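Trainee: Input file: data33.txt. Contents: compact mmCIF, C-alpha atoms and all ligand atoms.
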# COMPACT_ATOMS: atom_id res chain seq x y z
CA MET V 141 -10.09 0.98 -69.01
CA GLU V 142 -12.80 3.39 -67.95
CA LEU V 143 -12.95 3.25 -64.17
CA VAL V 144 -14.66 6.04 -62.24
CA TYR V 145 -13.50 4.85 -58.87
CA ARG V 146 -9.85 4.15 -58.35
CA PRO V 147 -9.26 4.00 -54.59
CA ARG V 148 -5.58 3.42 -55.29
CA ARG V 149 -5.20 7.13 -56.22
CA LEU V 150 -5.23 7.93 -52.50
CA ARG V 151 -2.61 5.30 -51.80
CA SER V 152 -0.04 6.40 -54.34
CA GLY V 153 2.47 7.97 -51.98
CA GLU V 154 3.26 8.48 -48.32
CA THR V 155 2.02 12.09 -48.17
CA ILE V 156 -1.41 11.43 -49.59
CA ARG V 157 -1.77 8.23 -47.59
CA ARG V 158 -1.02 10.07 -44.37
CA MET V 159 -3.32 12.96 -45.33
CA CYS V 160 -6.25 10.61 -45.79
CA ARG V 161 -5.77 8.55 -42.66
CA GLU V 162 -8.93 7.99 -40.67
CA THR V 163 -7.29 7.13 -37.37
CA ARG V 164 -4.77 9.39 -35.64
CA LEU V 165 -2.73 8.29 -32.70
CA SER V 166 -1.15 10.34 -29.96
CA ALA V 167 1.15 9.47 -27.08
CA ASP V 168 -1.27 11.50 -24.95
CA SER V 169 -3.64 8.53 -25.10
CA LEU V 170 -1.25 5.96 -23.63
CA ILE V 171 -1.10 4.60 -20.09
CA TYR V 172 1.78 2.40 -18.94
CA PRO V 173 1.26 -0.32 -16.28
CA ILE V 174 3.84 -0.32 -13.48
CA PHE V 175 4.20 -3.13 -10.91
CA VAL V 176 5.50 -2.10 -7.50
CA ASP V 177 6.69 -4.80 -5.11
CA GLU V 178 6.86 -3.80 -1.46
CA THR V 179 9.51 -6.41 -0.66
CA LEU V 180 11.88 -5.49 -3.46
CA SER V 181 14.73 -3.07 -3.70
CA GLY V 182 15.93 -2.23 -7.17
CA ARG V 183 14.14 -3.73 -10.14
CA ARG V 184 13.62 -7.33 -11.21
CA PRO V 185 12.64 -8.62 -14.66
CA ILE V 186 9.19 -10.25 -14.84
CA ASP V 187 9.62 -13.72 -16.36
CA SER V 188 6.13 -13.89 -17.80
CA LEU V 189 6.40 -10.43 -19.40
CA PRO V 190 9.73 -10.11 -21.21
CA GLY V 191 10.96 -6.52 -21.12
CA GLN V 192 8.82 -5.60 -18.07
CA TYR V 193 10.00 -5.22 -14.47
CA HIS V 194 8.90 -5.31 -10.89
CA TYR V 195 10.01 -2.10 -9.23
CA GLY V 196 10.81 -1.53 -5.57
CA LEU V 197 9.65 1.64 -3.85
CA ASP V 198 13.23 2.85 -4.26
CA THR V 199 13.13 2.50 -8.06
CA VAL V 200 9.52 3.23 -9.01
CA CYS V 201 10.49 6.77 -9.97
CA GLU V 202 12.99 5.33 -12.47
CA ALA V 203 10.08 3.64 -14.21
CA VAL V 204 8.30 6.98 -14.34
CA ARG V 205 11.37 8.76 -15.65
CA GLU V 206 11.54 6.27 -18.51
CA CYS V 207 7.92 7.05 -19.33
CA VAL V 208 8.51 10.79 -19.21
CA ASP V 209 11.60 10.43 -21.41
CA ALA V 210 9.59 8.42 -23.92
CA GLY V 211 6.71 10.93 -23.94
CA VAL V 212 4.27 8.80 -21.93
CA LYS V 213 2.39 10.97 -19.46
CA SER V 214 0.47 8.47 -17.36
CA CYS V 215 0.80 5.15 -15.59
CA ILE V 216 -1.50 2.68 -13.88
CA LEU V 217 -0.08 1.23 -10.69
CA PHE V 218 -0.35 -2.36 -9.48
CA GLY V 219 0.91 -3.28 -6.02
CA ILE V 220 2.44 -6.45 -4.66
CA PRO V 221 2.16 -6.18 -0.88
CA ALA V 222 4.48 -7.75 1.69
CA LYS V 223 1.51 -9.21 3.56
CA LYS V 224 -1.76 -10.72 2.38
CA ASP V 225 -4.78 -11.70 4.43
CA ALA V 226 -8.36 -12.88 3.90
CA LEU V 227 -9.77 -9.37 3.38
CA GLY V 228 -6.76 -7.85 1.65
CA SER V 229 -6.35 -5.21 4.34
CA SER V 230 -3.01 -3.89 3.11
CA ALA V 231 -4.88 -2.56 0.06
CA TRP V 232 -6.19 0.40 2.07
CA ASP V 233 -3.25 0.81 4.43
CA PRO V 234 -2.13 4.48 4.28
CA GLU V 235 1.41 3.09 4.49
CA GLY V 236 0.74 0.37 1.90
CA VAL V 237 2.84 -0.20 -1.20
CA ILE V 238 0.61 1.72 -3.60
CA GLN V 239 0.03 4.63 -1.24
CA LYS V 240 3.80 4.98 -0.79
CA ALA V 241 4.42 4.62 -4.52
CA ILE V 242 1.90 7.35 -5.33
CA ARG V 243 3.51 9.74 -2.87
CA ALA V 244 7.00 8.99 -4.22
CA ILE V 245 5.93 9.52 -7.82
CA LYS V 246 3.86 12.64 -7.21
CA SER V 247 6.62 14.33 -5.23
CA ALA V 248 9.21 13.65 -7.94
CA TYR V 249 6.90 14.10 -10.96
CA PRO V 250 3.90 16.20 -9.93
CA GLU V 251 2.68 16.50 -13.53
CA PHE V 252 2.79 12.77 -14.22
CA TYR V 253 -0.75 11.39 -14.17
CA VAL V 254 -1.10 8.49 -11.76
CA VAL V 255 -3.99 6.08 -12.14
CA THR V 256 -4.38 3.27 -9.61
CA ASP V 257 -5.87 -0.15 -10.14
CA VAL V 258 -8.44 -0.74 -7.40
CA CYS V 259 -8.90 -4.43 -6.71
CA MET V 260 -8.39 -6.86 -3.87
CA CYS V 261 -6.85 -9.84 -5.69
CA GLU V 262 -3.22 -8.86 -5.16
CA TYR V 263 -3.91 -8.32 -1.45
CA THR V 264 -6.03 -11.33 -0.47
CA ASP V 265 -4.37 -14.58 0.54
CA HIS V 266 -6.91 -16.52 -1.57
CA GLY V 267 -6.35 -14.38 -4.67
CA HIS V 268 -10.00 -13.52 -5.31
CA CYS V 269 -11.09 -9.95 -6.01
CA GLY V 270 -13.01 -9.45 -2.76
CA ALA V 271 -14.10 -10.81 0.59
CA LEU V 272 -15.23 -14.42 0.56
CA CYS V 273 -18.43 -15.90 1.85
CA GLY V 274 -17.82 -19.62 1.53
CA GLU V 275 -16.33 -20.07 -1.93
CA GLN V 276 -18.09 -17.02 -3.40
CA VAL V 277 -16.98 -13.42 -3.38
CA ASP V 278 -19.44 -11.42 -1.28
CA ASN V 279 -20.43 -8.50 -3.47
CA ASP V 280 -21.80 -6.03 -0.95
CA GLU V 281 -19.14 -6.59 1.68
CA THR V 282 -16.47 -6.10 -0.97
CA LEU V 283 -17.89 -2.71 -2.00
CA GLU V 284 -16.84 -1.27 1.33
CA LEU V 285 -13.29 -2.59 0.95
CA LEU V 286 -13.01 -1.20 -2.56
CA ALA V 287 -14.32 2.20 -1.48
CA LYS V 288 -11.81 2.35 1.39
CA THR V 289 -9.00 1.35 -0.97
CA ALA V 290 -9.90 3.91 -3.62
CA LEU V 291 -10.17 6.62 -0.98
CA SER V 292 -6.75 5.74 0.43
CA HIS V 293 -5.30 6.08 -3.08
CA ALA V 294 -6.92 9.49 -3.53
CA ARG V 295 -5.63 10.62 -0.14
CA ALA V 296 -2.12 9.56 -1.16
CA GLY V 297 -2.44 11.73 -4.28
CA ALA V 298 -3.73 9.46 -7.05
CA ASP V 299 -5.08 11.42 -10.01
CA MET V 300 -7.61 8.76 -11.02
CA VAL V 301 -8.86 5.44 -9.63
CA ALA V 302 -9.68 2.41 -11.76
CA PRO V 303 -11.74 -0.38 -10.17
CA SER V 304 -11.05 -3.72 -11.88
CA ASP V 305 -12.91 -6.07 -9.54
CA MET V 306 -16.26 -6.37 -11.39
CA MET V 307 -18.42 -6.18 -8.26
CA ASP V 308 -21.91 -4.77 -8.87
CA GLY V 309 -22.31 -1.22 -7.61
CA ARG V 310 -18.62 -0.50 -7.06
CA VAL V 311 -18.56 2.71 -9.08
CA ALA V 312 -21.36 4.23 -7.00
CA ALA V 313 -19.71 3.07 -3.77
CA ILE V 314 -16.34 4.53 -4.74
CA ARG V 315 -17.88 7.79 -6.00
CA ALA V 316 -19.74 8.25 -2.72
CA ALA V 317 -16.62 7.60 -0.64
CA LEU V 318 -14.50 9.98 -2.72
CA ASP V 319 -17.10 12.74 -2.67
CA ALA V 320 -17.71 12.42 1.06
CA ASP V 321 -14.01 13.06 1.62
CA GLY V 322 -13.78 16.03 -0.73
CA PHE V 323 -12.30 14.20 -3.74
CA THR V 324 -15.06 15.28 -6.06
CA ASN V 325 -12.53 15.93 -8.80
CA VAL V 326 -10.87 12.51 -8.84
CA PRO V 327 -12.28 10.65 -11.85
CA ILE V 328 -13.19 6.97 -11.95
CA MET V 329 -12.13 4.84 -14.89
CA ALA V 330 -14.26 1.71 -14.59
CA TYR V 331 -13.13 -1.62 -15.96
CA SER V 332 -16.71 -1.95 -17.17
CA ALA V 333 -16.63 -4.82 -19.64
CA LYS V 334 -13.94 -6.98 -18.13
CA TYR V 335 -14.08 -10.51 -19.42
CA ALA V 336 -13.02 -13.70 -17.62
CA SER V 337 -10.07 -14.15 -19.93
CA ALA V 338 -7.13 -16.50 -20.34
CA PHE V 339 -5.19 -13.49 -21.63
CA TYR V 340 -4.52 -12.37 -18.02
CA GLY V 341 -2.23 -15.36 -17.37
CA PRO V 342 1.14 -13.55 -17.49
CA PHE V 343 -0.21 -10.70 -15.32
CA ARG V 344 -1.31 -13.09 -12.59
CA ASP V 345 2.19 -14.53 -12.47
CA ALA V 346 3.60 -11.00 -12.34
CA ALA V 347 1.18 -9.75 -9.67
CA GLY V 348 0.96 -13.00 -7.71
CA SER V 349 -2.82 -12.69 -7.98
CA ALA V 350 -3.98 -16.04 -9.39
CA PRO V 351 -6.96 -17.35 -7.41
CA SER V 352 -5.94 -20.23 -5.11
CA PHE V 353 -9.16 -22.11 -5.98
CA GLY V 354 -11.79 -21.77 -8.66
CA ASP V 355 -11.70 -18.94 -11.18
CA ARG V 356 -13.15 -15.47 -11.73
CA ARG V 357 -16.16 -16.44 -13.82
CA GLY V 358 -18.48 -15.68 -10.91
CA TYR V 359 -17.75 -11.96 -11.32
CA GLN V 360 -15.94 -11.28 -14.61
CA MET V 361 -17.91 -11.42 -17.87
CA ASP V 362 -18.53 -14.44 -20.07
CA PRO V 363 -16.58 -13.99 -23.35
CA HIS V 364 -19.61 -15.22 -25.29
CA ASN V 365 -21.56 -12.07 -24.42
CA ARG V 366 -21.89 -8.83 -26.33
CA ARG V 367 -25.11 -7.18 -25.17
CA GLU V 368 -24.09 -7.70 -21.56
CA ALA V 369 -21.09 -5.45 -22.15
CA LYS V 370 -23.47 -2.62 -22.98
CA LYS V 371 -25.41 -3.31 -19.84
CA GLU V 372 -22.25 -3.20 -17.71
CA CYS V 373 -21.10 0.06 -19.36
CA ALA V 374 -24.56 1.62 -18.92
CA LEU V 375 -24.62 0.74 -15.23
CA ASP V 376 -21.15 2.17 -14.69
CA VAL V 377 -21.98 5.39 -16.54
CA ARG V 378 -25.16 5.74 -14.52
CA GLU V 379 -23.21 5.22 -11.30
CA GLY V 380 -20.82 7.97 -12.27
CA ALA V 381 -17.95 6.41 -14.22
CA ASP V 382 -16.00 9.13 -16.04
CA VAL V 383 -14.25 6.69 -18.35
CA ILE V 384 -15.35 3.15 -19.25
CA MET V 385 -13.06 0.32 -20.28
CA VAL V 386 -13.13 -2.86 -22.30
CA LYS V 387 -10.60 -5.55 -21.42
CA PRO V 388 -8.88 -7.45 -23.01
CA ALA V 389 -8.56 -5.43 -26.21
CA LEU V 390 -7.55 -7.43 -29.27
CA SER V 391 -10.08 -10.24 -28.98
CA TYR V 392 -12.79 -7.73 -28.03
CA LEU V 393 -12.55 -5.07 -30.74
CA ASP V 394 -16.23 -5.59 -31.54
CA ILE V 395 -17.11 -4.72 -27.95
CA ILE V 396 -14.91 -1.62 -28.01
CA ARG V 397 -16.64 -0.41 -31.16
CA GLU V 398 -20.11 -1.08 -29.90
CA CYS V 399 -19.62 0.52 -26.50
CA ALA V 400 -17.67 3.48 -27.90
CA ASP V 401 -20.62 4.18 -30.19
CA ALA V 402 -23.21 3.71 -27.48
CA PHE V 403 -21.79 5.91 -24.69
CA ASP V 404 -20.60 9.47 -24.65
CA VAL V 405 -17.75 9.02 -22.17
CA PRO V 406 -14.15 8.30 -23.19
CA MET V 407 -13.51 4.64 -23.97
CA ALA V 408 -10.37 2.97 -22.67
CA ALA V 409 -9.03 -0.39 -23.78
CA TYR V 410 -6.55 -2.53 -21.90
CA SER V 411 -4.24 -4.49 -24.14
CA VAL V 412 -3.49 -7.11 -21.52
CA SER V 413 -0.48 -9.16 -20.54
CA GLY V 414 -1.31 -12.15 -22.77
CA GLU V 415 -1.59 -9.92 -25.84
CA TYR V 416 1.84 -8.47 -25.12
CA ALA V 417 3.36 -11.86 -24.29
CA MET V 418 2.08 -13.42 -27.53
CA ILE V 419 3.72 -10.73 -29.64
CA LYS V 420 6.96 -11.01 -27.67
CA ALA V 421 7.05 -14.80 -27.93
CA ALA V 422 6.29 -14.91 -31.65
CA ALA V 423 8.90 -12.24 -32.31
CA GLN V 424 11.50 -14.01 -30.21
CA VAL V 425 11.37 -17.08 -32.44
CA GLY V 426 11.43 -14.93 -35.57
CA LEU V 427 7.85 -15.56 -36.67
CA ILE V 428 6.72 -11.94 -36.79
CA ASP V 429 8.15 -8.43 -36.90
CA GLU V 430 7.59 -7.25 -33.32
CA HIS V 431 7.64 -3.54 -34.06
CA ARG V 432 5.18 -3.68 -36.92
CA VAL V 433 2.81 -6.05 -35.14
CA MET V 434 2.92 -3.84 -32.04
CA CYS V 435 2.03 -0.79 -34.14
CA GLU V 436 -0.72 -2.50 -36.09
CA SER V 437 -2.29 -4.01 -32.95
CA ALA V 438 -2.40 -0.66 -31.15
CA LEU V 439 -3.75 1.04 -34.23
CA SER V 440 -6.55 -1.49 -34.53
CA ILE V 441 -7.67 -0.76 -30.97
CA PHE V 442 -7.93 2.97 -31.68
CA ARG V 443 -9.65 2.30 -35.01
CA ALA V 444 -12.19 0.18 -33.10
CA GLY V 445 -13.10 3.26 -31.09
CA ALA V 446 -10.82 3.43 -28.06
CA SER V 447 -9.55 6.86 -27.10
CA ILE V 448 -7.25 5.63 -24.31
CA LEU V 449 -4.95 2.60 -24.46
CA ILE V 450 -3.34 0.87 -21.50
CA THR V 451 -0.41 -1.11 -22.84
CA TYR V 452 2.93 -2.63 -21.83
CA TYR V 453 4.22 -1.21 -25.13
CA ALA V 454 3.36 2.40 -24.20
CA LYS V 455 6.96 3.68 -24.34
CA GLU V 456 7.76 1.96 -27.64
CA LEU V 457 4.47 3.15 -29.13
CA ALA V 458 5.11 6.72 -28.06
CA LYS V 459 8.41 6.56 -29.92
CA ALA V 460 6.81 5.00 -32.99
CA ILE V 461 4.19 7.75 -33.02
CA ARG V 462 6.84 10.47 -32.59
CA GLU V 463 8.88 9.05 -35.45
CA GLY V 464 5.84 8.91 -37.70
CA GLU V 465 5.74 5.13 -38.05
CA ILE V 466 2.12 5.15 -36.99
CA GLY V 467 -0.38 7.88 -36.25
C1 LIG K 1 -6.90 -7.17 -11.20
C2 LIG K 1 -6.43 -7.00 -12.59
C3 LIG K 1 -6.08 -7.98 -13.53
C4 LIG K 1 -5.59 -7.31 -14.65
C5 LIG K 1 -5.71 -5.95 -14.38
N1 LIG K 1 -6.25 -5.78 -13.12
C6 LIG K 1 -6.05 -9.46 -13.43
C7 LIG K 1 -7.27 -10.25 -13.28
O1 LIG K 1 -8.39 -9.78 -13.35
O2 LIG K 1 -7.07 -11.46 -13.03
C8 LIG K 1 -5.05 -7.96 -15.89
C9 LIG K 1 -4.05 -7.15 -16.64
C10 LIG K 1 -3.25 -7.91 -17.65
O3 LIG K 1 -3.45 -9.12 -17.90
O4 LIG K 1 -2.37 -7.28 -18.24
N2 LIG K 1 -8.12 -7.74 -11.02
For the structure just supplied, provide its representation as structure tokens.
Ligand code: PBG
Mentor:
Amino acid sequence: MELVYRPRRLRSGETIRRMCRETRLSADSLIYPIFVDETLSGRRPIDSLPGQYHYGLDTVCEAVRECVDAGVKSCILFGIPAKKDALGSSAWDPEGVIQKAIRAIKSAYPEFYVVTDVCMCEYTDHGHCGALCGEQVDNDETLELLAKTALSHARAGADMVAPSDMMDGRVAAIRAALDADGFTNVPIMAYSAKYASAFYGPFRDAAGSAPSFGDRRGYQMDPHNRREAKKECALDVREGADVIMVKPALSYLDIIRECADAFDVPMAAYSVSGEYAMIKAAAQVGLIDEHRVMCESALSIFRAGASILITYYAKELAKAIREGEIG
């Protein structure tokens, strides 16, 4: 047979396959989500996220040590406060759960990079991501609460803040508050294209942040939309976002690709709780190979254009990368 092109030549052995790989992975790109519960001492397994834990303020540094041991250099913190109210005021309390967790982590692991999720839904008694006006979240009033919260995180020592609320204008509001207080070097990672997704189900159980009425479609994006994601990213970049994010990841690889191509800031993807839970559940009943599906899923997100991945599998992925199974 006379064939000029034989793509299989470059697949004939492990060395040449690895040499020709188009996507390279590094543990440097991984961020691990950590849930800190103000009322807890010790750690407690999260039912909706097998293999994940709630940590008390007394054990949060154990979670970080496990990351460091695995080669993961960064976490994103989520807080479960002892008290909730209509405005979510414990979110910006200097003695709040996240502020204390940041201080504990940074004093034990100064090099560990601490990102904080900035949102009101874990702190409000109604579970929405901001202050209510009737049954709607009041955008402009919420901006002030978010800015105060982000500033309190920076004052406690957070390395980066990540607003996940989807209010209009939040990046500019947070940037102004940080700069006015001297935190000009604290970057903002904006959850820019955050869709109103059913894939957040296990997280809301874990964070106790399900809305008590209605849903989040009044502020999070409609999954039918693609161009709107570009608009959201453009607005966030214009307002000063240092990193933009698409969330969820696996069902939104097209959005990751499009926005990564369109903007010249790093692109993060959040492989959310439902993505993790689906892999865990299918593996538990023997339907898939958990390790290989984990690796392939993460790889697909980087191939789509992400340069940062937030994932509950961060520690396992770091190990898989180190051992050469992917990357
Ligand atoms: C807070 C927030 C959510 C997630 C991250 N930040 C939940 C939501 O928007 O309801 C989801 C993360 C996950 O599912 O893993 N607004």
Trainee: Wanna dump the chain V-ligand LIG 1 (chain K) contacts at 7 Å for me, each residue with its shortest atom pair and the distance in Å to one decimal, counting only C-alpha atoms and all ligand atoms, ordered by chain and number, as a Markdown table?
Mentor:
| residue | atom | partner | partner_atom | distance |
| --- | --- | --- | --- | --- |
| V:Asp257 | CA | K:LIG1 | N1 | 6.4 |
| V:Cys259 | CA | K:LIG1 | N2 | 5.5 |
| V:Cys261 | CA | K:LIG1 | N2 | 5.9 |
| V:Cys269 | CA | K:LIG1 | N2 | 6.2 |
| V:Ser304 | CA | K:LIG1 | N2 | 5.0 |
| V:Asp305 | CA | K:LIG1 | N2 | 5.3 |
| V:Phe339 | CA | K:LIG1 | O3 | 6.0 |
| V:Tyr340 | CA | K:LIG1 | O3 | 3.4 |
| V:Gly341 | CA | K:LIG1 | O3 | 6.4 |
| V:Pro342 | CA | K:LIG1 | O3 | 6.4 |
| V:Phe343 | CA | K:LIG1 | O3 | 4.4 |
| V:Arg344 | CA | K:LIG1 | O2 | 6.0 |
| V:Ser349 | CA | K:LIG1 | O2 | 6.7 |
| V:Ala350 | CA | K:LIG1 | O2 | 6.6 |
| V:Ser411 | CA | K:LIG1 | O4 | 6.8 |
| V:Val412 | CA | K:LIG1 | O4 | 3.5 |
| V:Ser413 | CA | K:LIG1 | O4 | 3.5 |
| V:Gly414 | CA | K:LIG1 | O3 | 6.1 |
Trainee: With 6 Å as the cut-off and all atoms listed in the file counted, what is the closest atom pair between each nearby residue of stretch 429-464 of chain V and stretch 161-173 of chain V? Distances in Å to one decimal, ordered by chain and number, as a tab-separated table.
Mentor:
residue	atom	partner	partner_atom	distance
V:Arg443	CA	V:Thr163	CA	5.9
V:Ile448	CA	V:Ser169	CA	4.7
V:Leu449	CA	V:Leu170	CA	5.1
V:Ile450	CA	V:Ile171	CA	4.6
V:Thr451	CA	V:Tyr172	CA	5.7
V:Tyr452	CA	V:Tyr172	CA	5.9
V:Ala454	CA	V:Tyr172	CA	5.5
V:Ala458	CA	V:Ala167	CA	4.9
Trainee: Any chance you can output those residues with C-alpha atoms as a short mmCIF file (atom, residue, chain, number, x, y, z; two decimals), keeping the file's coordinate frame?
Mentor:
data_model
loop_
_atom_site.label_atom_id
_atom_site.label_comp_id
_atom_site.auth_asym_id
_atom_site.auth_seq_id
_atom_site.Cartn_x
_atom_site.Cartn_y
_atom_site.Cartn_z
CA ARG V 443 -9.65 2.30 -35.01
CA ILE V 448 -7.25 5.63 -24.31
CA LEU V 449 -4.95 2.60 -24.46
CA ILE V 450 -3.34 0.87 -21.50
CA THR V 451 -0.41 -1.11 -22.84
CA TYR V 452 2.93 -2.63 -21.83
CA ALA V 454 3.36 2.40 -24.20
CA ALA V 458 5.11 6.72 -28.06
#
Trainee: Can you build me a table of stretch 181-273 of chain V residues sitting at most 12 Å from stretch 418-433 of chain V, with the closest atom pair per residue and its distance in Å to one decimal, using only C-alpha atoms, sorted by chain and residue number, as CSV?
Mentor:
residue,atom,partner,partner_atom,distance
V:Asp187,CA,V:Ala421,CA,11.9
V:Ser188,CA,V:Ala421,CA,10.2
V:Leu189,CA,V:Lys420,CA,8.3
V:Pro190,CA,V:Lys420,CA,7.1
V:Gly191,CA,V:Lys420,CA,8.9
V:Gln192,CA,V:Lys420,CA,11.2
Trainee: With C-alpha atoms retained, write the just-selected residues as a PDB file, keeping the file's coordinate frame.
Mentor:
ATOM      1  CA  ASP V 187       9.620 -13.720 -16.360  1.00  0.00           C
ATOM      2  CA  SER V 188       6.130 -13.890 -17.800  1.00  0.00           C
ATOM      3  CA  LEU V 189       6.400 -10.430 -19.400  1.00  0.00           C
ATOM      4  CA  PRO V 190       9.730 -10.110 -21.210  1.00  0.00           C
ATOM      5  CA  GLY V 191      10.960  -6.520 -21.120  1.00  0.00           C
ATOM      6  CA  GLN V 192       8.820  -5.600 -18.070  1.00  0.00           C
TER       7      GLN V 192
END
Trainee: V:Ile328, V:Val255, V:Leu227, V:Val208: which is nearest V:His268, counting only C-alpha atoms?
Mentor: V:Leu227
Trainee: In Å, rounded to a single decimal, give me how far atom CA of V:Leu393 is from atom CA of V:Met434.
Mentor: 15.6 Å
Trainee: Report as a PDB file with C-alpha atoms, in the coordinates of the input all protein, DNA and RNA residues lying within 8 Å of stretch 395-400 of chain V, evaluated on all atoms listed in the file, omitting residues in the same chain fewer than 4 positions from it.
Mentor:
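selection_10.pdb was written with the following content:
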ATOM      1  CA  ARG V 366     -21.890  -8.830 -26.330  1.00  0.00           C
ATOM      2  CA  ALA V 369     -21.090  -5.450 -22.150  1.00  0.00           C
ATOM      3  CA  LYS V 370     -23.470  -2.620 -22.980  1.00  0.00           C
ATOM      4  CA  CYS V 373     -21.100   0.060 -19.360  1.00  0.00           C
ATOM      5  CA  VAL V 386     -13.130  -2.860 -22.300  1.00  0.00           C
ATOM      6  CA  ALA V 389      -8.560  -5.430 -26.210  1.00  0.00           C
ATOM      7  CA  ASP V 404     -20.600   9.470 -24.650  1.00  0.00           C
ATOM      8  CA  VAL V 405     -17.750   9.020 -22.170  1.00  0.00           C
ATOM      9  CA  PRO V 406     -14.150   8.300 -23.190  1.00  0.00           C
ATOM     10  CA  MET V 407     -13.510   4.640 -23.970  1.00  0.00           C
ATOM     11  CA  ALA V 409      -9.030  -0.390 -23.780  1.00  0.00           C
ATOM     12  CA  ILE V 441      -7.670  -0.760 -30.970  1.00  0.00           C
ATOM     13  CA  ALA V 444     -12.190   0.180 -33.100  1.00  0.00           C
ATOM     14  CA  GLY V 445     -13.100   3.260 -31.090  1.00  0.00           C
ATOM     15  CA  ALA V 446     -10.820   3.430 -28.060  1.00  0.00           C
TER      16      ALA V 446
END
Trainee: Name the residues in contact with V:Val237 at a cut-off of 9 Å, using only C-alpha atoms, excluding same-chain residues fewer than 2 positions from it; report them as a VMD selection string.
Mentor: chain V and resid 176 to 178 197 219 to 222 230 to 231 233 to 235 239 to 242
Trainee: Write to file, as a compact mmCIF listing (two decimals), in the frame of the given file, the residues of the selection just made, with C-alpha atoms.
Mentor:
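As a result, again.txt now contains:
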# COMPACT_ATOMS: atom_id res chain seq x y z
CA VAL V 176 5.50 -2.10 -7.50
CA ASP V 177 6.69 -4.80 -5.11
CA GLU V 178 6.86 -3.80 -1.46
CA LEU V 197 9.65 1.64 -3.85
CA GLY V 219 0.91 -3.28 -6.02
CA ILE V 220 2.44 -6.45 -4.66
CA PRO V 221 2.16 -6.18 -0.88
CA ALA V 222 4.48 -7.75 1.69
CA SER V 230 -3.01 -3.89 3.11
CA ALA V 231 -4.88 -2.56 0.06
CA ASP V 233 -3.25 0.81 4.43
CA PRO V 234 -2.13 4.48 4.28
CA GLU V 235 1.41 3.09 4.49
CA GLN V 239 0.03 4.63 -1.24
CA LYS V 240 3.80 4.98 -0.79
CA ALA V 241 4.42 4.62 -4.52
CA ILE V 242 1.90 7.35 -5.33
Trainee: Between atom CA of V:Met329 and atom CA of V:Ala302, what is the spacing in Å?
Mentor: 4.7 Å
Trainee: Name all residues at most 9 Å from V:Pro363 (count all atoms listed in the file; drop same-chain ones fewer than 5 positions away) and give them as a ChimeraX atom specification.
Mentor: /V:335-337,392
Trainee: Taking into account only C-alpha atoms, which residue in the set V:Ala294, V:Met361, V:Cys201, V:Leu457 is nearest to V:Lys334?
Mentor: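 Result for the nearest residue to V:Lys334: V:Met361.
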Trainee: What's the separation between atom CA of V:Ala271 and atom CA of V:Ala296, in Å to one decimal place?
Mentor: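 Rounded to one decimal, the two atoms are 23.7 Å apart.
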Trainee: Go through V:Leu291, V:Ala210, V:Leu180, V:Leu390 one by one, measure the shortest atom-to-atom distance of each to V:Ala460 using only C-alpha atoms, and give the residue with the smallest value.
Mentor: V:Ala210
Trainee: Considering only C-alpha atoms, give me a table of residues in stretch 310-389 of chain V that are at most 9 Å from stretch 273-278 of chain V, with the closest atom pair and distance in Å for each, as JSON lines.
Mentor:
{"residue": "V:Phe353", "atom": "CA", "partner": "V:Glu275", "partner_atom": "CA", "distance": 8.5}
{"residue": "V:Gly354", "atom": "CA", "partner": "V:Glu275", "partner_atom": "CA", "distance": 8.3}
{"residue": "V:Gly358", "atom": "CA", "partner": "V:Gln276", "partner_atom": "CA", "distance": 7.6}
{"residue": "V:Tyr359", "atom": "CA", "partner": "V:Val277", "partner_atom": "CA", "distance": 8.1}
Trainee: Would you kindly return, as a list of chain:residue names, each protein, DNA or RNA residue with an atom no farther than 6 Å from any atom of V:Ser214, considering only C-alpha atoms and excluding same-chain residues fewer than 5 positions away?
Mentor: V:Ile171, V:Phe252, V:Tyr253, V:Val254
Trainee: Which one is closest to V:Glu372: V:Ser332, V:Gln360, V:Ser152, V:Ser352? Count only C-alpha atoms.
Mentor: V:Ser332
